[in-house]
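Shown next: protein-v1.cif, given as mmCIF, C-alpha atoms and all ligand atoms.
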data_model
#
loop_
_atom_site.label_atom_id
_atom_site.label_comp_id
_atom_site.auth_asym_id
_atom_site.auth_seq_id
_atom_site.Cartn_x
_atom_site.Cartn_y
_atom_site.Cartn_z
CA MET A 24 0.00 0.00 0.00
CA SER A 25 1.33 3.42 -0.92
CA ILE A 26 -0.02 6.49 0.81
CA GLU A 27 1.20 8.64 -2.04
CA LYS A 28 -0.77 6.59 -4.61
CA ASN A 29 -3.91 6.45 -2.44
CA LEU A 30 -3.79 10.19 -1.88
CA GLU A 31 -3.29 10.82 -5.56
CA SER A 32 -6.31 8.72 -6.49
CA VAL A 33 -8.61 10.52 -4.02
CA LEU A 34 -7.30 13.91 -5.18
CA LYS A 35 -8.02 12.87 -8.76
CA GLU A 36 -11.70 12.40 -7.88
CA ILE A 37 -12.01 16.04 -6.82
CA GLU A 38 -9.69 17.58 -9.40
CA GLY A 39 -11.16 20.70 -10.96
CA LYS A 40 -14.06 20.70 -8.51
CA ASN A 41 -14.55 23.10 -5.64
CA ILE A 42 -13.94 20.35 -3.08
CA LYS A 43 -11.30 20.14 -0.36
CA LEU A 44 -9.85 16.94 1.04
CA VAL A 45 -9.19 16.52 4.75
CA GLY A 46 -6.82 13.58 5.30
CA VAL A 47 -8.02 11.81 8.43
CA THR A 48 -4.99 10.59 10.38
CA LYS A 49 -6.48 9.37 13.68
CA THR A 50 -4.51 6.45 15.18
CA LYS A 51 -1.84 6.86 12.47
CA PRO A 52 1.77 7.63 13.41
CA ASN A 53 3.64 10.76 12.38
CA GLU A 54 5.80 8.83 9.86
CA LEU A 55 2.73 8.02 7.77
CA ILE A 56 1.42 11.58 8.00
CA MET A 57 4.82 12.80 6.80
CA GLU A 58 4.54 10.57 3.71
CA ALA A 59 1.46 12.54 2.70
CA TYR A 60 3.02 15.85 3.77
CA ALA A 61 6.06 15.12 1.59
CA THR A 62 3.81 15.25 -1.50
CA GLY A 63 2.76 18.78 -0.55
CA PHE A 64 -0.49 17.81 1.14
CA LYS A 65 -1.11 19.82 4.33
CA ARG A 66 -4.71 19.44 5.49
CA PHE A 67 -5.24 16.81 8.19
CA GLY A 68 -8.05 15.88 10.58
CA GLU A 69 -8.19 14.17 13.95
CA ASN A 70 -11.14 13.16 16.12
CA LYS A 71 -9.52 13.27 19.59
CA VAL A 72 -8.15 16.46 21.13
CA GLN A 73 -5.18 14.84 22.87
CA GLU A 74 -3.98 13.17 19.68
CA LEU A 75 -4.56 16.36 17.70
CA VAL A 76 -2.48 18.39 20.17
CA GLU A 77 0.38 15.86 20.27
CA LYS A 78 0.59 15.75 16.48
CA GLN A 79 0.36 19.52 16.12
CA GLU A 80 3.26 19.92 18.55
CA THR A 81 5.53 17.47 16.78
CA LEU A 82 4.68 17.92 13.10
CA PRO A 83 5.46 20.86 10.75
CA LYS A 84 3.78 24.10 11.73
CA ASP A 85 2.28 24.82 8.32
CA ILE A 86 -0.17 21.92 8.61
CA GLU A 87 -3.83 22.97 8.67
CA TRP A 88 -5.44 20.98 11.51
CA HIS A 89 -9.11 20.06 11.49
CA MET A 90 -10.97 18.74 14.53
CA ILE A 91 -13.56 16.42 13.01
CA GLY A 92 -14.84 14.42 15.98
CA HIS A 93 -17.32 14.93 18.78
CA LEU A 94 -15.89 17.58 21.07
CA GLN A 95 -16.19 18.00 24.84
CA ARG A 96 -16.32 21.54 26.16
CA ASN A 97 -13.53 21.06 28.70
CA LYS A 98 -11.08 20.19 25.91
CA VAL A 99 -11.60 23.17 23.63
CA LYS A 100 -8.89 25.18 25.40
CA TYR A 101 -6.10 22.78 24.38
CA MET A 102 -6.53 23.37 20.67
CA ALA A 103 -7.99 26.89 20.57
CA GLY A 104 -4.62 28.39 19.70
CA PHE A 105 -4.14 26.53 16.43
CA VAL A 106 -7.20 24.63 15.20
CA HIS A 107 -8.18 25.64 11.65
CA LEU A 108 -11.74 24.32 11.54
CA ILE A 109 -13.97 22.52 14.06
CA HIS A 110 -16.34 20.25 12.10
CA ALA A 111 -18.79 18.85 14.63
CA VAL A 112 -20.33 21.63 16.71
CA ASP A 113 -23.58 20.23 18.04
CA SER A 114 -24.73 22.66 20.74
CA LEU A 115 -24.87 26.35 21.54
CA LYS A 116 -23.12 25.57 24.83
CA LEU A 117 -20.13 24.13 22.98
CA LEU A 118 -20.06 27.07 20.60
CA LYS A 119 -20.04 29.49 23.54
CA GLU A 120 -17.01 27.71 25.01
CA ILE A 121 -15.22 27.83 21.64
CA ASN A 122 -16.00 31.55 21.49
CA LYS A 123 -14.62 32.07 25.01
CA GLN A 124 -11.37 30.24 24.25
CA ALA A 125 -11.00 31.97 20.88
CA LEU A 126 -11.36 35.32 22.63
CA LYS A 127 -8.52 34.37 25.02
CA GLN A 128 -6.35 33.50 22.03
CA ASN A 129 -7.37 36.67 20.23
CA ARG A 130 -8.57 34.55 17.30
CA ILE A 131 -11.72 33.91 15.36
CA ILE A 132 -12.30 30.16 15.15
CA ASP A 133 -14.15 28.72 12.17
CA CYS A 134 -16.78 26.09 12.95
CA LEU A 135 -19.21 23.82 11.14
CA ILE A 136 -22.58 22.90 12.59
CA GLN A 137 -23.22 19.16 12.66
CA LEU A 138 -26.59 17.95 11.45
CA HIS A 139 -27.91 14.55 12.46
CA ILE A 140 -28.71 13.02 9.08
CA ALA A 141 -28.23 9.28 9.74
CA LYS A 142 -30.69 6.68 10.89
CA GLU A 143 -28.42 5.61 13.75
CA GLU A 144 -29.17 7.32 17.04
CA THR A 145 -25.53 7.20 18.05
CA LYS A 146 -24.47 10.00 15.74
CA PHE A 147 -24.43 13.52 17.10
CA GLY A 148 -25.82 16.71 15.68
CA PHE A 149 -28.87 18.94 15.37
CA ALA A 150 -32.10 17.82 13.74
CA TYR A 151 -33.05 20.14 10.85
CA ASP A 152 -35.72 21.99 12.83
CA GLU A 153 -33.36 22.40 15.79
CA ALA A 154 -30.75 23.86 13.46
CA ASP A 155 -33.20 26.53 12.31
CA THR A 156 -33.91 27.47 15.92
CA PHE A 157 -30.17 27.56 16.60
CA PHE A 158 -29.37 29.75 13.57
CA SER A 159 -32.12 32.18 14.56
CA SER A 160 -31.11 32.53 18.20
CA ILE A 161 -30.17 35.93 19.58
CA GLU A 162 -27.43 34.41 21.74
CA LEU A 163 -25.60 33.24 18.65
CA GLU A 164 -25.31 36.82 17.42
CA GLU A 165 -23.36 37.78 20.53
CA LEU A 166 -20.51 35.36 19.79
CA THR A 167 -17.86 37.62 18.31
CA ASN A 168 -14.94 35.18 18.08
CA ILE A 169 -16.45 32.30 16.16
CA ARG A 170 -17.50 32.14 12.54
CA ILE A 171 -19.94 29.52 11.33
CA LYS A 172 -18.44 28.45 8.01
CA GLY A 173 -20.86 25.72 7.08
CA LEU A 174 -22.43 22.39 7.91
CA MET A 175 -21.26 18.84 8.49
CA GLY A 176 -23.02 15.49 8.42
CA MET A 177 -22.35 11.77 8.61
CA ALA A 178 -24.54 9.40 6.63
CA THR A 179 -25.87 6.08 7.87
CA ASN A 180 -23.26 3.33 7.85
CA THR A 181 -24.89 1.08 5.26
CA ASP A 182 -24.24 -0.61 1.91
CA ASN A 183 -27.50 0.88 0.66
CA THR A 184 -26.21 3.68 -1.55
CA THR A 185 -29.71 5.08 -2.09
CA THR A 186 -30.06 5.74 1.64
CA VAL A 187 -26.68 7.46 1.78
CA SER A 188 -27.33 9.46 -1.34
CA ASN A 189 -30.74 10.63 -0.04
CA GLU A 190 -29.24 11.70 3.28
CA PHE A 191 -26.55 13.74 1.52
CA LYS A 192 -29.09 15.20 -0.91
CA THR A 193 -31.30 16.39 1.95
CA LEU A 194 -28.33 17.91 3.75
CA ARG A 195 -27.23 19.71 0.57
CA ARG A 196 -30.75 21.14 0.15
CA TYR A 197 -30.77 22.33 3.73
CA TYR A 198 -27.31 23.90 3.24
CA GLU A 199 -28.69 25.84 0.29
CA SER A 200 -31.79 27.01 2.13
CA ALA A 201 -29.68 27.98 5.17
CA GLN A 202 -27.74 30.51 3.06
CA VAL A 203 -30.35 33.07 4.22
CA TYR A 204 -28.59 33.09 7.59
CA ASN A 205 -25.47 34.57 5.99
CA GLU A 206 -26.91 38.02 6.68
CA LYS A 207 -25.83 37.54 10.30
CA ASN A 208 -22.31 38.78 10.83
CA ASN A 209 -20.78 35.57 12.24
CA ILE A 210 -22.35 33.22 9.71
CA GLN A 211 -20.89 32.54 6.27
CA LEU A 212 -21.97 29.14 5.00
CA ASP A 213 -19.35 28.24 2.40
CA GLU A 214 -18.54 24.66 3.34
CA LEU A 215 -20.49 21.43 3.41
CA SER A 216 -18.41 18.69 5.03
CA MET A 217 -19.79 15.30 4.01
CA GLY A 218 -18.27 12.07 2.72
CA MET A 219 -15.69 9.65 4.12
CA SER A 220 -13.83 6.64 2.70
CA SER A 221 -16.92 4.50 2.17
CA ASP A 222 -19.17 7.22 0.75
CA TYR A 223 -17.14 10.19 -0.50
CA LYS A 224 -17.90 9.39 -4.16
CA ILE A 225 -21.61 9.63 -3.39
CA ALA A 226 -20.97 12.86 -1.46
CA ILE A 227 -19.20 14.31 -4.51
CA GLU A 228 -22.27 13.57 -6.65
CA GLU A 229 -24.50 15.20 -4.03
CA GLY A 230 -22.57 18.45 -3.77
CA THR A 231 -20.06 18.15 -0.93
CA THR A 232 -17.39 20.84 -0.63
CA MET A 233 -15.19 18.99 1.88
CA ILE A 234 -14.55 15.25 2.17
CA ARG A 235 -12.93 13.65 5.23
CA VAL A 236 -11.06 10.56 4.11
CA GLY A 237 -8.98 8.34 6.38
CA SER A 238 -8.67 4.61 5.72
CA ALA A 239 -8.83 4.91 1.92
CA ILE A 240 -5.56 6.89 2.14
CA PHE A 241 -3.78 5.71 5.28
CA GLY A 242 -5.08 2.14 5.52
CA GLU A 243 -7.40 0.40 7.93
CA ARG A 244 -7.20 1.39 11.58
CA ASN A 245 -6.43 -0.99 14.44
CA TYR A 246 -8.13 -0.01 17.66
CA ASN A 247 -6.52 -1.90 20.53
C1 LIG A 301 -12.74 8.66 11.19
C2 LIG A 301 -13.59 9.71 10.62
C3 LIG A 301 -13.63 9.95 9.24
C4 LIG A 301 -12.84 9.14 8.23
O1 LIG A 301 -13.20 7.80 8.24
P1 LIG A 301 -12.68 6.80 7.10
O2 LIG A 301 -13.77 5.79 7.01
O3 LIG A 301 -11.43 6.22 7.63
O4 LIG A 301 -12.49 7.56 5.88
C5 LIG A 301 -14.44 10.97 8.78
N1 LIG A 301 -15.16 11.72 9.62
C6 LIG A 301 -15.15 11.54 10.95
C7 LIG A 301 -15.98 12.42 11.81
C8 LIG A 301 -14.38 10.52 11.49
O5 LIG A 301 -14.37 10.34 12.82
#
Here is the file; what I need is its structure written in the form of structure tokens.
Amino acid sequence: MSIEKNLESVLKEIEGKNIKLVGVTKTKPNELIMEAYATGFKRFGENKVQELVEKQETLPKDIEWHMIGHLQRNKVKYMAGFVHLIHAVDSLKLLKEINKQALKQNRIIDCLIQLHIAKEETKFGFAYDEADTFFSSIELEELTNIRIKGLMGMATNTDNTTTVSNEFKTLRRYYESAQVYNEKNNIQLDELSMGMSSDYKIAIEEGTTMIRVGSAIFGERNYN
């Protein structure tokens, strides 16, 4: 298996399209990340804060780090100084904490709002109607050090491509209708983060702007 070849083949799928690739490196050692970095690729994602922080400290400083996983409020402070984009914001409480830590760092932190689009109950995120309530809330307007850059969703883990494609289609439609919220000064919905190794090709067909691909580039993960 060659990381360089895998990366090249995923990049080929999005060539000429307005789609960014986040290379998901969770559980993978720095040596493997450096193989991708050596090709000029610099956008990586992690789903655990501790691992994200350790890798950020030891790897080149021009890497753009994405936090893609479920995030606990008490851990925001560890990454607030460097994180490029937080993908899975699923409550106003969490967003307030991100705002507070961003303020301390004198930064504006870009965030995506996670929508619950899958059939599984285990996945996090707002329901569509909850998201409308959230986007309309007065409290959101007071958060000066965050910027809501878009939406994120994870489809049902299934071989049924019609199910996956419908979930992405619905999320894309919502993303388009939510553009009305851009009139608020901390909302600018430019990104739709959907698609991972098993379903990124479907996500491309359904209008993703950001795919998060791990195992298809770096190989299967062993969780011990
Ligand atoms: C692990 C992970 C991915 C990538 O998963 P692969 O199947 O390895 O591509 C994408 N998004 C999130 C939120 C993840 O936790």
message: For Glu143 (chain A), find every residue with an atom within 10 Å (counting all atoms listed in the file), except residues of its own chain fewer than 4 positions away, and show them as a list in words.
response: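 Near Glu143 (chain A), the qualifying residues are His139, Phe147, Ala178, Thr179 and Asn180 of chain A.
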Taking all atoms listed in the file into account, produce a table as a Markdown table in which each residue of chain A with an atom at most 7 Å from an atom of ligand LIG 301 (chain A) appears once, together with its shortest atom pair and the distance in Å to one decimal, ordered by chain and rising number.
| residue | atom | partner | partner_atom | distance |
| --- | --- | --- | --- | --- |
| A:Val47 | CA | A:LIG301 | C4 | 5.5 |
| A:Lys49 | CA | A:LIG301 | C1 | 6.8 |
| A:Asn70 | CA | A:LIG301 | O5 | 5.4 |
| A:Ile91 | CA | A:LIG301 | C7 | 4.8 |
| A:Gly92 | CA | A:LIG301 | C7 | 4.8 |
| A:Met219 | CA | A:LIG301 | O4 | 4.2 |
| A:Ser220 | CA | A:LIG301 | O4 | 3.6 |
| A:Ser221 | CA | A:LIG301 | O2 | 5.9 |
| A:Arg235 | CA | A:LIG301 | C5 | 4.7 |
| A:Val236 | CA | A:LIG301 | O4 | 3.8 |
| A:Gly237 | CA | A:LIG301 | O3 | 3.5 |
| A:Ser238 | CA | A:LIG301 | O3 | 3.7 |
| A:Ala239 | CA | A:LIG301 | O4 | 6.0 |
How close does each residue of region 131-239 of chain A get to region 28-44 of chain A, giving the shortest atom pair and distance in Å to one decimal for every residue with an atom at most 6 Å away, counting only C-alpha atoms, sorted by chain and residue number, as a Markdown table?
| residue | atom | partner | partner_atom | distance |
| --- | --- | --- | --- | --- |
| A:Thr232 | CA | A:Ile42 | CA | 4.3 |
| A:Met233 | CA | A:Lys43 | CA | 4.6 |
| A:Ile234 | CA | A:Leu44 | CA | 5.1 |
Within 7 Å of Ala226 (chain A) using all atoms listed in the file, minus same-chain residues under 6 positions, as a count of residues only: 3
message: I'd like the neighbourhood of Glu58 (chain A) as an NGL selection string, where a residue qualifies if any of its atoms comes within 12 Å (using only C-alpha atoms), though same-chain residues fewer than 2 positions away should be ignored.
response: :A and (25-30 or 46 or 48 or 51-56 or 60-65 or 82 or 240-241)
Could you take the residues named above and write them with C-alpha atoms, as an mmCIF file, in the coordinates of the input?
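And here is the file that came out, result_37.cif:
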data_model
loop_
_atom_site.group_PDB
_atom_site.id
_atom_site.type_symbol
_atom_site.label_atom_id
_atom_site.label_comp_id
_atom_site.auth_asym_id
_atom_site.auth_seq_id
_atom_site.Cartn_x
_atom_site.Cartn_y
_atom_site.Cartn_z
ATOM 1 C CA SER A 25 1.330 3.420 -0.920
ATOM 2 C CA ILE A 26 -0.020 6.490 0.810
ATOM 3 C CA GLU A 27 1.200 8.640 -2.040
ATOM 4 C CA LYS A 28 -0.770 6.590 -4.610
ATOM 5 C CA ASN A 29 -3.910 6.450 -2.440
ATOM 6 C CA LEU A 30 -3.790 10.190 -1.880
ATOM 7 C CA GLY A 46 -6.820 13.580 5.300
ATOM 8 C CA THR A 48 -4.990 10.590 10.380
ATOM 9 C CA LYS A 51 -1.840 6.860 12.470
ATOM 10 C CA PRO A 52 1.770 7.630 13.410
ATOM 11 C CA ASN A 53 3.640 10.760 12.380
ATOM 12 C CA GLU A 54 5.800 8.830 9.860
ATOM 13 C CA LEU A 55 2.730 8.020 7.770
ATOM 14 C CA ILE A 56 1.420 11.580 8.000
ATOM 15 C CA TYR A 60 3.020 15.850 3.770
ATOM 16 C CA ALA A 61 6.060 15.120 1.590
ATOM 17 C CA THR A 62 3.810 15.250 -1.500
ATOM 18 C CA GLY A 63 2.760 18.780 -0.550
ATOM 19 C CA PHE A 64 -0.490 17.810 1.140
ATOM 20 C CA LYS A 65 -1.110 19.820 4.330
ATOM 21 C CA LEU A 82 4.680 17.920 13.100
ATOM 22 C CA ILE A 240 -5.560 6.890 2.140
ATOM 23 C CA PHE A 241 -3.780 5.710 5.280
#
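Taking only C-alpha atoms into account, Ile210 (chain A) lies nearest to A:Cys134 out of the set A:Leu117, A:Met177, A:Ala154, A:Cys134.
Residues in contact range of Lys71 (chain A), defined as at most 10 Å between all atoms listed in the file, with sequence neighbours fewer than 5 positions away removed, read Lys49, Thr50, Val76, Met90, Ile91, Gly92, His93, Leu94, Gln95 and Lys98 of chain A.
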task: For Glu80 (chain A), list every protein, DNA or RNA residue within 12 Å, evaluated using all atoms listed in the file, and leave out those in the same chain fewer than 2 positions away; present the list as a VMD selection string.
output: chain A and resid 53 73 to 78 82 to 86 88 101 to 102 104 to 106
- line: One residue among A:Leu174, A:Glu243, A:Tyr204, A:Thr231 is nearest to Thr156 (chain A) when using only C-alpha atoms, and that residue is A:Tyr204
message: Please determine, counting only C-alpha atoms, which residue among A:Arg130, A:Glu206, A:Asp222, A:His107 has the shortest atom-to-atom distance to Asn183 (chain A).
response: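 Looking only at the distances to Asn183 (chain A), the closest residue turns out to be A:Asp222.
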field: Residues within 12 Å of (-28.9, 30.5, 2.7), counting only C-alpha atoms, listed as a ChimeraX atom specification
entry: /A:155,158,172-174,195-207,210-214
- request: Would you work out the distance separating CA of Asp182 (chain A) from CA of Met24 (chain A), expressed in Å to one decimal?
  value: 24.3 Å
Sphere at (-25.3, 8.7, -0.9), radius 8 Å, counting only C-alpha atoms: residues as an NGL selection string: :A and (178 or 184-192 or 222 or 225-226 or 229)
- request: Just give me the gap between CA of Gly148 (chain A) and CA of Asp113 (chain A) in Å, one decimal is fine.
  value: 4.8 Å
For Ala125 (chain A), the nearest of the candidates A:Gly176, A:Lys142, A:Lys100, A:Thr181, counting only C-alpha atoms: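 The shortest atom-to-atom distance to Ala125 (chain A) comes from A:Lys100.
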message: Could you tell me how far CA of Val112 (chain A) sits from CA of Ser216 (chain A), in Å to one decimal place?
response: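 Rounded to one decimal, the two atoms are 12.2 Å apart.
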